[in-house]
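Have a look at the structure below before the remarks.
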Amino acid sequence: MPTNVIAFSTGQPVADVADIGDAPTTNDVPASTAADTNASEATTETTPIIYPCVPVDVYLPCKAELGLTEFVLVPVRPIENADPTNYVLNIAQAMLETPGRPVFGYRIQTSALYVAAQFYAMFETDTGLVDLTPNTQGESYKVFVPDRDVPPDFDYLDRPVTRRFRTFEAPTRRQRVAAEIAAMDPRRLASERRRAADQGLALEDVLSLTLPLHALETRLDLFFECCEELEALTMAALDGREAVDVNHFSFLHRRRASLEAMLDEAYAQHKARTTKSVRKRGR
């Protein structure tokens, strides 16, 4: 059996977790979250579909970057008066009434371009795992990758920021050069080949040497860096570890918004080029 096959099926009852949480759940694996028409197409993060197999572009980054291969679909059943920003506090409150323990790991979400792994904790009882914290997307299930090496008494203040792993694969140098050549009309192509030959080079050499950085790759890297800095600053402020530089905090939010807009633009252009290329090959 492939290692990314999940040992659960749709239609099976979700185990009752000792009356913890009053939010209703369903037995169906969710297909997706309702789309927000104003959301960024490139950076909106939602729970991936992992039934019956974890998608390869989700499984492999988690295995390579986190060293973890266990994927669990966990029902969301918030406790009464749950704090949506503090999963550890919610678990601690539940433990006052119900025997159980926190299980740390990563809550997995995906966008069109990357996988996001947020350090997180689920509540585990003798009937399984449950997420006691409400989420802003209103999802009734979350994909969780447990890290059994993290002890139950892990210091919440030492938690890492969300990690993001690029799943977008930019065209190779040869593919990009071939696309540049294919876009040239015959007269220009002949002229460019003569000009390259005068330099003792092939046209492919000249184009390769002048290729700019790929827009999506560069913008994704900048977006990841901004998200990490913003989240680290937010966590430090919420935990009371340091005072927030309000001006810098505001700047990081503006920077993230600008990078999201740039990513959306580059992603739309990439999709348009890809669609055009597919149509050409289909003729």
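Just remember, in the structure tokens the first chain shown is A, the second B, etc., residues are 1-based per chain, and ligands are 1-based in the order shown.
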_DSSP strand (DSSP E) selection over region 29-128 of chain A, as a PyMOL selection string_ = chain A and resi 72-75+101-110+114-125+128
*List every residue of region 71-231 of chain A that DSSP, applied to the backbone of this structure, places in helix (DSSP H, G or I), and write the result as a PyMOL selection string.*
chain A and resi 87-95+156-158+173-182+186-198+203-210+215-231
Rows by chain and residue number, region 106-166 of chain A within 9 Å of region 227-235 of chain A, shortest pair, only C-alpha atoms, as a Markdown table:
| residue | atom | partner | partner_atom | distance |
| --- | --- | --- | --- | --- |
| A:Leu157 | CA | A:Met235 | CA | 8.5 |
| A:Pro160 | CA | A:Ala232 | CA | 8.2 |
| A:Val161 | CA | A:Ala232 | CA | 6.2 |
| A:Thr162 | CA | A:Glu228 | CA | 7.0 |
| A:Arg163 | CA | A:Glu228 | CA | 7.7 |
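CA of Met95 (chain A) is found 11.3 Å from CA of Leu132 (chain A).
For the atom pair formed by CA of Arg188 (chain A) and CA of Ala202 (chain A), the distance is 14.7 Å, given to one decimal.
Summary of the local environment: counting only C-alpha atoms, residues at most 10 Å from Thr172 (chain A), other than itself and those fewer than 5 positions away along its chain, are Val177, Ala178 and His214 of chain A.
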Please dump the current selection as a PDB file, in the first residue's frame; keep C-alpha atoms.
ATOM      1  CA  VAL A 177      14.133  29.897 -23.909  1.00  0.00           C
ATOM      2  CA  ALA A 178      12.053  27.686 -26.199  1.00  0.00           C
ATOM      3  CA  HIS A 214      11.114  34.080 -12.695  1.00  0.00           C
TER       4      HIS A 214
END
Closest contacts (region 110-218 of chain A/region 44-59 of chain A, max 10 Å, only C-alpha atoms) as a Markdown table:
| residue | atom | partner | partner_atom | distance |
| --- | --- | --- | --- | --- |
| A:Thr110 | CA | A:Glu45 | CA | 5.0 |
| A:Ser111 | CA | A:Glu45 | CA | 4.7 |
| A:Ala112 | CA | A:Thr44 | CA | 7.8 |
| A:Leu113 | CA | A:Thr44 | CA | 9.6 |
| A:Tyr114 | CA | A:Val58 | CA | 8.6 |
| A:Val115 | CA | A:Val58 | CA | 6.5 |
| A:Ala116 | CA | A:Glu45 | CA | 7.5 |
| A:Gln137 | CA | A:Thr46 | CA | 8.1 |
| A:Glu139 | CA | A:Thr47 | CA | 8.1 |
| A:Tyr141 | CA | A:Thr47 | CA | 8.1 |
| A:Lys142 | CA | A:Thr47 | CA | 6.2 |
| A:Val143 | CA | A:Thr47 | CA | 6.4 |
| A:Phe144 | CA | A:Thr47 | CA | 9.7 |
| A:Phe165 | CA | A:Val58 | CA | 9.2 |
| A:Arg166 | CA | A:Asp57 | CA | 9.3 |
| A:Thr167 | CA | A:Asp57 | CA | 6.2 |
| A:Phe168 | CA | A:Asp57 | CA | 9.1 |
Could you write out that same residue set with N, CA and C atoms as a compact mmCIF listing (two decimals), in the first residue's frame?
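Once written, again.txt looks like this:
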# COMPACT_ATOMS: atom_id res chain seq x y z
N THR A 110 -3.22 24.52 2.04
CA THR A 110 -2.56 24.70 0.75
C THR A 110 -3.14 25.90 0.02
N SER A 111 -2.33 26.46 -0.85
CA SER A 111 -2.80 27.47 -1.79
C SER A 111 -2.48 26.96 -3.19
N ALA A 112 -2.72 27.77 -4.18
CA ALA A 112 -2.42 27.35 -5.55
C ALA A 112 -0.93 27.18 -5.78
N LEU A 113 -0.10 27.75 -4.88
CA LEU A 113 1.34 27.79 -5.13
C LEU A 113 2.20 27.15 -4.05
N TYR A 114 1.63 26.84 -2.89
CA TYR A 114 2.47 26.34 -1.81
C TYR A 114 1.66 25.57 -0.76
N VAL A 115 2.40 24.89 0.12
CA VAL A 115 1.83 24.22 1.29
C VAL A 115 2.22 25.03 2.52
N ALA A 116 1.26 25.25 3.41
CA ALA A 116 1.52 25.96 4.66
C ALA A 116 1.37 24.99 5.83
N GLN A 137 -12.40 30.13 8.68
CA GLN A 137 -13.02 29.68 7.44
C GLN A 137 -14.26 28.83 7.67
N GLU A 139 -14.45 25.77 8.63
CA GLU A 139 -14.30 24.38 8.19
C GLU A 139 -14.59 23.42 9.34
N TYR A 141 -13.53 20.23 9.36
CA TYR A 141 -12.41 19.29 9.48
C TYR A 141 -11.12 20.02 9.16
N LYS A 142 -10.02 19.56 9.76
CA LYS A 142 -8.71 20.08 9.46
C LYS A 142 -7.73 18.93 9.23
N VAL A 143 -6.78 19.15 8.34
CA VAL A 143 -5.74 18.16 8.09
C VAL A 143 -4.59 18.44 9.06
N PHE A 144 -4.19 17.41 9.77
CA PHE A 144 -3.19 17.55 10.83
C PHE A 144 -2.10 16.50 10.64
N PHE A 165 6.03 25.89 2.02
CA PHE A 165 6.87 25.16 1.08
C PHE A 165 6.28 25.32 -0.33
N ARG A 166 7.10 25.81 -1.22
CA ARG A 166 6.63 26.08 -2.58
C ARG A 166 6.31 24.78 -3.31
N THR A 167 5.12 24.71 -3.90
CA THR A 167 4.75 23.58 -4.75
C THR A 167 4.76 23.98 -6.22
N PHE A 168 4.76 25.28 -6.48
CA PHE A 168 4.84 25.77 -7.85
C PHE A 168 6.22 25.45 -8.42
